[in-house]
>>> print(open('data.tsv').read())   # TSV, C-alpha atoms and all ligand atoms
chain	number	residue	atom	x	y	z
A	1	MET	CA	6.93	-22.32	0.80
A	2	ASP	CA	9.56	-19.72	1.68
A	3	VAL	CA	10.06	-19.00	-2.03
A	4	VAL	CA	6.34	-18.35	-2.52
A	5	TYR	CA	6.29	-16.06	0.52
A	6	ASN	CA	9.35	-14.16	-0.72
A	7	ILE	CA	7.73	-13.65	-4.13
A	8	ILE	CA	4.69	-12.14	-2.37
A	9	VAL	CA	7.01	-9.86	-0.35
A	10	VAL	CA	8.60	-8.68	-3.62
A	11	LEU	CA	5.13	-7.99	-5.06
A	12	HIS	CA	4.34	-6.05	-1.86
A	13	PHE	CA	7.28	-3.77	-2.69
A	14	VAL	CA	6.10	-3.50	-6.32
A	15	GLY	CA	2.71	-2.30	-5.04
A	16	LEU	CA	4.48	0.23	-2.80
A	17	ALA	CA	6.48	1.45	-5.81
A	18	MET	CA	3.27	1.86	-7.84
A	19	LEU	CA	1.63	3.95	-5.11
A	20	LEU	CA	4.61	6.06	-4.09
A	21	GLY	CA	5.89	6.38	-7.65
A	22	ALA	CA	2.53	7.71	-8.86
A	23	PHE	CA	2.70	10.29	-6.05
A	24	LEU	CA	6.36	11.35	-6.39
A	25	LEU	CA	6.23	11.58	-10.20
A	26	GLN	CA	3.79	14.47	-9.89
A	27	LEU	CA	5.67	16.50	-7.27
A	28	THR	CA	6.66	19.06	-9.91
A	29	SER	CA	3.49	18.81	-12.02
A	30	LYS	CA	1.20	21.83	-12.17
A	31	GLU	CA	-1.93	19.65	-12.37
A	32	LYS	CA	-1.59	17.01	-9.67
A	33	THR	CA	-4.16	14.26	-9.83
A	34	VAL	CA	-5.11	10.71	-8.85
A	35	THR	CA	-3.91	8.11	-11.35
A	36	ARG	CA	-4.93	4.50	-11.90
A	37	TRP	CA	-1.52	3.43	-10.54
A	38	MET	CA	-2.60	4.64	-7.12
A	39	PHE	CA	-5.70	2.42	-7.06
A	40	ASP	CA	-3.85	-0.54	-8.59
A	41	GLY	CA	-0.98	-0.06	-6.11
A	42	ALA	CA	-3.42	0.02	-3.17
A	43	MET	CA	-5.09	-3.17	-4.40
A	44	THR	CA	-1.68	-4.83	-4.80
A	45	GLN	CA	-0.77	-3.88	-1.22
A	46	LEU	CA	-4.09	-5.15	0.09
A	47	LEU	CA	-3.91	-8.48	-1.75
A	48	THR	CA	-0.23	-9.22	-1.08
A	49	GLY	CA	-0.55	-8.05	2.54
A	50	LEU	CA	-3.50	-10.35	3.20
A	51	ILE	CA	-1.71	-13.31	1.56
A	52	MET	CA	1.40	-12.72	3.69
A	53	VAL	CA	-0.65	-12.49	6.90
A	54	GLY	CA	-2.53	-15.63	5.90
A	55	MET	CA	0.68	-17.53	5.24
A	56	LEU	CA	2.34	-16.34	8.46
A	57	SER	CA	-0.69	-16.99	10.70
A	58	GLY	CA	-1.45	-20.28	8.97
A	59	GLY	CA	2.00	-21.56	9.88
A	60	ALA	CA	3.24	-21.91	6.30
A	61	LEU	CA	6.60	-20.53	7.43
A	62	GLY	CA	6.80	-22.42	10.71
A	63	ASP	CA	5.56	-21.80	14.23
A	64	ALA	CA	8.12	-19.10	15.05
A	65	ALA	CA	6.80	-16.92	12.20
A	66	LYS	CA	3.26	-17.09	13.69
A	67	ASP	CA	4.41	-15.00	16.67
A	68	GLU	CA	5.84	-12.34	14.36
A	69	VAL	CA	2.39	-11.27	13.16
A	70	ASP	CA	1.54	-8.01	14.91
A	71	ASN	CA	-2.25	-7.77	14.62
A	72	THR	CA	-2.44	-4.13	15.75
A	73	LYS	CA	0.09	-3.08	13.12
A	74	ILE	CA	-1.69	-5.10	10.43
A	75	ALA	CA	-5.08	-3.63	11.40
A	76	ILE	CA	-3.76	-0.05	11.15
A	77	LYS	CA	-2.13	-0.74	7.77
A	78	LEU	CA	-5.33	-2.43	6.57
A	79	VAL	CA	-7.54	0.54	7.49
A	80	ILE	CA	-5.10	2.99	5.87
A	81	VAL	CA	-4.87	1.02	2.63
A	82	ILE	CA	-8.68	0.77	2.41
A	83	VAL	CA	-8.91	4.56	2.85
A	84	ILE	CA	-6.27	5.00	0.10
A	85	ALA	CA	-8.23	2.69	-2.24
A	86	ILE	CA	-11.50	4.56	-1.60
A	87	LEU	CA	-9.85	7.97	-2.16
A	88	ALA	CA	-8.16	6.68	-5.33
A	89	ALA	CA	-11.47	5.31	-6.66
A	90	VAL	CA	-13.23	8.61	-5.88
A	91	GLY	CA	-10.42	10.68	-7.41
A	92	ARG	CA	-10.40	8.68	-10.63
A	93	ARG	CA	-14.06	9.59	-11.24
A	94	LYS	CA	-13.37	13.34	-10.99
A	95	GLN	CA	-11.66	15.68	-13.41
A	96	PRO	CA	-8.06	16.73	-12.69
A	97	PRO	CA	-6.59	18.54	-10.84
A	98	GLN	CA	-7.11	16.51	-7.65
A	99	THR	CA	-4.35	18.09	-5.57
A	100	ALA	CA	-5.86	17.40	-2.13
A	101	LEU	CA	-6.61	13.73	-2.90
A	102	TRP	CA	-3.16	13.30	-4.51
A	103	LEU	CA	-1.50	14.71	-1.37
A	104	ILE	CA	-3.57	12.68	1.11
A	105	ILE	CA	-2.91	9.44	-0.81
A	106	GLY	CA	0.83	10.18	-0.87
A	107	LEU	CA	0.97	11.02	2.84
A	108	LEU	CA	-1.09	7.95	3.82
A	109	THR	CA	1.24	5.76	1.74
A	110	LEU	CA	4.26	7.24	3.51
A	111	ALA	CA	2.47	6.75	6.85
A	112	ASN	CA	2.08	3.03	6.06
A	113	VAL	CA	5.78	2.75	5.21
A	114	VAL	CA	6.69	4.42	8.53
A	115	ILE	CA	4.29	2.10	10.42
A	116	ALA	CA	5.72	-0.97	8.60
A	117	VAL	CA	9.27	-0.03	9.51
A	118	PHE	CA	9.01	1.61	12.96
A	119	VAL	CA	6.03	0.06	14.77
O	1	LIG	C1	-0.07	1.35	1.43
O	1	LIG	C2	-0.06	0.17	2.00
O	1	LIG	C3	1.15	-0.54	2.50
O	1	LIG	C4	2.47	-0.17	2.48
O	1	LIG	C5	3.07	1.12	1.94
O	1	LIG	C6	3.23	-1.24	3.10
O	1	LIG	C7	4.60	-1.24	3.27
O	1	LIG	C8	5.34	-2.27	3.77
O	1	LIG	C9	6.78	-2.29	3.88
O	1	LIG	C10	7.72	-1.12	3.50
O	1	LIG	C11	7.12	-3.48	4.41
O	1	LIG	C12	8.56	-3.99	4.71
O	1	LIG	C13	9.02	-3.51	6.06
O	1	LIG	C14	9.20	-4.58	7.07
O	1	LIG	O1	8.91	-5.75	6.82
O	1	LIG	O2	9.63	-4.24	8.18
O	1	LIG	C15	5.92	-4.25	4.63
O	1	LIG	C16	5.86	-5.51	5.17
O	1	LIG	C17	4.70	-6.20	5.44
O	1	LIG	N1	3.40	-5.77	5.19
O	1	LIG	FE1	2.88	-4.04	4.30
O	1	LIG	N2	2.36	-2.26	3.48
O	1	LIG	C18	1.09	-1.87	3.13
O	1	LIG	C19	-0.07	-2.56	3.35
O	1	LIG	C20	-0.15	-3.77	3.99
O	1	LIG	C21	-1.38	-4.47	4.31
O	1	LIG	C22	-2.78	-3.95	3.97
O	1	LIG	C23	-1.02	-5.61	4.95
O	1	LIG	C24	-1.90	-6.70	5.52
O	1	LIG	C25	-3.18	-6.82	5.37
O	1	LIG	C26	0.43	-5.66	5.03
O	1	LIG	C27	1.18	-6.69	5.57
O	1	LIG	C28	2.54	-6.74	5.64
O	1	LIG	C29	3.30	-7.85	6.19
O	1	LIG	C30	2.73	-9.13	6.78
O	1	LIG	C31	4.66	-7.50	6.06
O	1	LIG	C32	5.86	-8.32	6.54
O	1	LIG	C33	6.67	-8.89	5.40
O	1	LIG	C34	7.91	-9.58	5.93
O	1	LIG	O3	8.84	-8.85	6.30
O	1	LIG	O4	7.92	-10.79	6.02
O	1	LIG	N3	0.92	-4.53	4.44
O	1	LIG	N4	4.84	-3.49	4.23
>>> encode(input="data.tsv", output="structure tokens", more="lines below")
Ligand code: HEM
Amino acid sequence: MDVVYNIIVVLHFVGLAMLLGAFLLQLTSKEKTVTRWMFDGAMTQLLTGLIMVGMLSGGALGDAAKDEVDNTKIAIKLVIVIVIAILAAVGRRKQPPQTALWLIIGLLTLANVVIAVFV
């Protein structure tokens, strides 16, 4: 089961790369906008995150791993990723440039990385 969990962790990093990559790629663009990678990245984070929490809480990795689940941290990350997904869905329906939405999505993604690492 550890292998399955580790594959999901890798996919969690792929989702992060999709989100952050879509943001960073446009740092020097004149017309910054929301791309489909942002929405797909947010969905990847949501899905992989929920699977990991399910596996940890369900005891798939042993009883010790159950205690490692920090529900407050997960709840904050969950709310942030839902906001990112909504903003990305809204931004995709509008014409570029979407500078404000692009910036907020990038900053919220970075906020989730900081929360994942520091909290
Ligand atoms: C934009 C959204 C997200 C980003 C950027 C993000 C980022 C990260 C990063 C960088 C890590 C590795 C750091 C560490 O383990 O200390 C991590 C781990 C984790 N994330 Fe996320 N995350 C996001 C959303 C979510 C969501 C929505 C959930 C749950 C519903 C979640 C659940 C987890 C779990 C359980 C781990 C632990 C993996 C492990 O080390 O075994 N994440 N996340």
>>> residues_near_ligand(input="data.tsv", ligand="ligand LIG 1 (chain O)", cutoff="8 Å", atoms="only C-alpha atoms and all ligand atoms", output="number ranges by chain")
A: 5-6, 9, 12-13, 15-16, 19-20, 41-42, 45-53, 56, 69, 74-75, 77-82, 84, 108-118
>>> atom_distance(input="data.tsv", atom1="CA of Phe39 (chain A)", atom2="CA of Ile7 (chain A)")
21.1 Å
>>> closest_residue(input="data.tsv", among="A:Thr35, A:Ser57, A:Ser29, A:Gln95", to="Asn71 (chain A)", atoms="only C-alpha atoms")
A:Ser57
>>> closest_residue(input="data.tsv", among="A:Met43, A:Val83, A:Leu103, A:Met1", to="Met18 (chain A)", atoms="all atoms listed in the file")
A:Met43
>>> closest_residue(input="data.tsv", among="A:Ala17, A:Leu27, A:Val4, A:Ala88", to="Leu101 (chain A)", atoms="all atoms listed in the file")
A:Ala88
>>> build_atoms(input="data.tsv", residues="region 83-104 of chain A", atoms="N, CA, C and O atoms", output="PDB file, keeping the file's coordinate frame")
ATOM      1  N   VAL A  83      -8.640   3.127   3.057  1.00  0.00           N
ATOM      2  CA  VAL A  83      -8.910   4.560   2.850  1.00  0.00           C
ATOM      3  C   VAL A  83      -8.238   5.033   1.555  1.00  0.00           C
ATOM      4  O   VAL A  83      -8.849   5.747   0.750  1.00  0.00           O
ATOM      5  N   ILE A  84      -6.986   4.616   1.336  1.00  0.00           N
ATOM      6  CA  ILE A  84      -6.270   5.000   0.100  1.00  0.00           C
ATOM      7  C   ILE A  84      -7.051   4.521  -1.122  1.00  0.00           C
ATOM      8  O   ILE A  84      -7.248   5.274  -2.079  1.00  0.00           O
ATOM      9  N   ALA A  85      -7.506   3.260  -1.084  1.00  0.00           N
ATOM     10  CA  ALA A  85      -8.230   2.690  -2.240  1.00  0.00           C
ATOM     11  C   ALA A  85      -9.525   3.449  -2.503  1.00  0.00           C
ATOM     12  O   ALA A  85      -9.852   3.739  -3.660  1.00  0.00           O
ATOM     13  N   ILE A  86     -10.241   3.810  -1.426  1.00  0.00           N
ATOM     14  CA  ILE A  86     -11.500   4.560  -1.600  1.00  0.00           C
ATOM     15  C   ILE A  86     -11.206   5.932  -2.199  1.00  0.00           C
ATOM     16  O   ILE A  86     -11.846   6.366  -3.161  1.00  0.00           O
ATOM     17  N   LEU A  87     -10.199   6.631  -1.649  1.00  0.00           N
ATOM     18  CA  LEU A  87      -9.850   7.970  -2.160  1.00  0.00           C
ATOM     19  C   LEU A  87      -9.401   7.894  -3.614  1.00  0.00           C
ATOM     20  O   LEU A  87      -9.735   8.766  -4.426  1.00  0.00           O
ATOM     21  N   ALA A  88      -8.642   6.844  -3.946  1.00  0.00           N
ATOM     22  CA  ALA A  88      -8.160   6.680  -5.330  1.00  0.00           C
ATOM     23  C   ALA A  88      -9.331   6.417  -6.273  1.00  0.00           C
ATOM     24  O   ALA A  88      -9.379   6.955  -7.381  1.00  0.00           O
ATOM     25  N   ALA A  89     -10.298   5.610  -5.819  1.00  0.00           N
ATOM     26  CA  ALA A  89     -11.470   5.310  -6.660  1.00  0.00           C
ATOM     27  C   ALA A  89     -12.306   6.567  -6.863  1.00  0.00           C
ATOM     28  O   ALA A  89     -12.762   6.846  -7.971  1.00  0.00           O
ATOM     29  N   VAL A  90     -12.479   7.356  -5.787  1.00  0.00           N
ATOM     30  CA  VAL A  90     -13.230   8.610  -5.880  1.00  0.00           C
ATOM     31  C   VAL A  90     -12.517   9.588  -6.813  1.00  0.00           C
ATOM     32  O   VAL A  90     -13.115  10.189  -7.708  1.00  0.00           O
ATOM     33  N   GLY A  91     -11.209   9.728  -6.619  1.00  0.00           N
ATOM     34  CA  GLY A  91     -10.420  10.680  -7.410  1.00  0.00           C
ATOM     35  C   GLY A  91     -10.411  10.361  -8.894  1.00  0.00           C
ATOM     36  O   GLY A  91     -10.417  11.261  -9.724  1.00  0.00           O
ATOM     37  N   ARG A  92     -10.433   9.086  -9.215  1.00  0.00           N
ATOM     38  CA  ARG A  92     -10.400   8.680 -10.630  1.00  0.00           C
ATOM     39  C   ARG A  92     -11.684   9.063 -11.362  1.00  0.00           C
ATOM     40  O   ARG A  92     -11.708   9.182 -12.571  1.00  0.00           O
ATOM     41  N   ARG A  93     -12.778   9.234 -10.617  1.00  0.00           N
ATOM     42  CA  ARG A  93     -14.060   9.590 -11.240  1.00  0.00           C
ATOM     43  C   ARG A  93     -14.176  11.088 -11.488  1.00  0.00           C
ATOM     44  O   ARG A  93     -15.078  11.535 -12.179  1.00  0.00           O
ATOM     45  N   LYS A  94     -13.274  11.879 -10.856  1.00  0.00           N
ATOM     46  CA  LYS A  94     -13.370  13.340 -10.990  1.00  0.00           C
ATOM     47  C   LYS A  94     -12.344  13.862 -11.982  1.00  0.00           C
ATOM     48  O   LYS A  94     -11.342  13.202 -12.255  1.00  0.00           O
ATOM     49  N   GLN A  95     -12.596  15.053 -12.479  1.00  0.00           N
ATOM     50  CA  GLN A  95     -11.660  15.680 -13.410  1.00  0.00           C
ATOM     51  C   GLN A  95     -10.424  16.192 -12.663  1.00  0.00           C
ATOM     52  O   GLN A  95     -10.543  16.666 -11.536  1.00  0.00           O
ATOM     53  N   PRO A  96      -9.238  16.114 -13.295  1.00  0.00           N
ATOM     54  CA  PRO A  96      -8.060  16.730 -12.690  1.00  0.00           C
ATOM     55  C   PRO A  96      -8.198  18.259 -12.739  1.00  0.00           C
ATOM     56  O   PRO A  96      -8.948  18.737 -13.584  1.00  0.00           O
ATOM     57  N   PRO A  97      -7.524  19.000 -11.866  1.00  0.00           N
ATOM     58  CA  PRO A  97      -6.590  18.540 -10.840  1.00  0.00           C
ATOM     59  C   PRO A  97      -7.297  17.998  -9.591  1.00  0.00           C
ATOM     60  O   PRO A  97      -8.402  18.425  -9.284  1.00  0.00           O
ATOM     61  N   GLN A  98      -6.613  17.081  -8.905  1.00  0.00           N
ATOM     62  CA  GLN A  98      -7.110  16.510  -7.650  1.00  0.00           C
ATOM     63  C   GLN A  98      -5.986  16.625  -6.621  1.00  0.00           C
ATOM     64  O   GLN A  98      -5.540  15.618  -6.059  1.00  0.00           O
ATOM     65  N   THR A  99      -5.544  17.872  -6.401  1.00  0.00           N
ATOM     66  CA  THR A  99      -4.350  18.090  -5.570  1.00  0.00           C
ATOM     67  C   THR A  99      -4.511  17.558  -4.143  1.00  0.00           C
ATOM     68  O   THR A  99      -3.618  16.892  -3.624  1.00  0.00           O
ATOM     69  N   ALA A 100      -5.665  17.823  -3.534  1.00  0.00           N
ATOM     70  CA  ALA A 100      -5.860  17.400  -2.130  1.00  0.00           C
ATOM     71  C   ALA A 100      -5.845  15.869  -2.036  1.00  0.00           C
ATOM     72  O   ALA A 100      -5.152  15.307  -1.173  1.00  0.00           O
ATOM     73  N   LEU A 101      -6.567  15.201  -2.938  1.00  0.00           N
ATOM     74  CA  LEU A 101      -6.610  13.730  -2.900  1.00  0.00           C
ATOM     75  C   LEU A 101      -5.228  13.149  -3.194  1.00  0.00           C
ATOM     76  O   LEU A 101      -4.796  12.179  -2.564  1.00  0.00           O
ATOM     77  N   TRP A 102      -4.521  13.741  -4.156  1.00  0.00           N
ATOM     78  CA  TRP A 102      -3.160  13.300  -4.510  1.00  0.00           C
ATOM     79  C   TRP A 102      -2.264  13.364  -3.271  1.00  0.00           C
ATOM     80  O   TRP A 102      -1.518  12.428  -2.971  1.00  0.00           O
ATOM     81  N   LEU A 103      -2.353  14.505  -2.542  1.00  0.00           N
ATOM     82  CA  LEU A 103      -1.500  14.710  -1.370  1.00  0.00           C
ATOM     83  C   LEU A 103      -1.856  13.741  -0.240  1.00  0.00           C
ATOM     84  O   LEU A 103      -0.964  13.129   0.362  1.00  0.00           O
ATOM     85  N   ILE A 104      -3.148  13.570   0.012  1.00  0.00           N
ATOM     86  CA  ILE A 104      -3.570  12.680   1.110  1.00  0.00           C
ATOM     87  C   ILE A 104      -3.134  11.242   0.816  1.00  0.00           C
ATOM     88  O   ILE A 104      -2.625  10.541   1.702  1.00  0.00           O
TER      89      ILE A 104
END
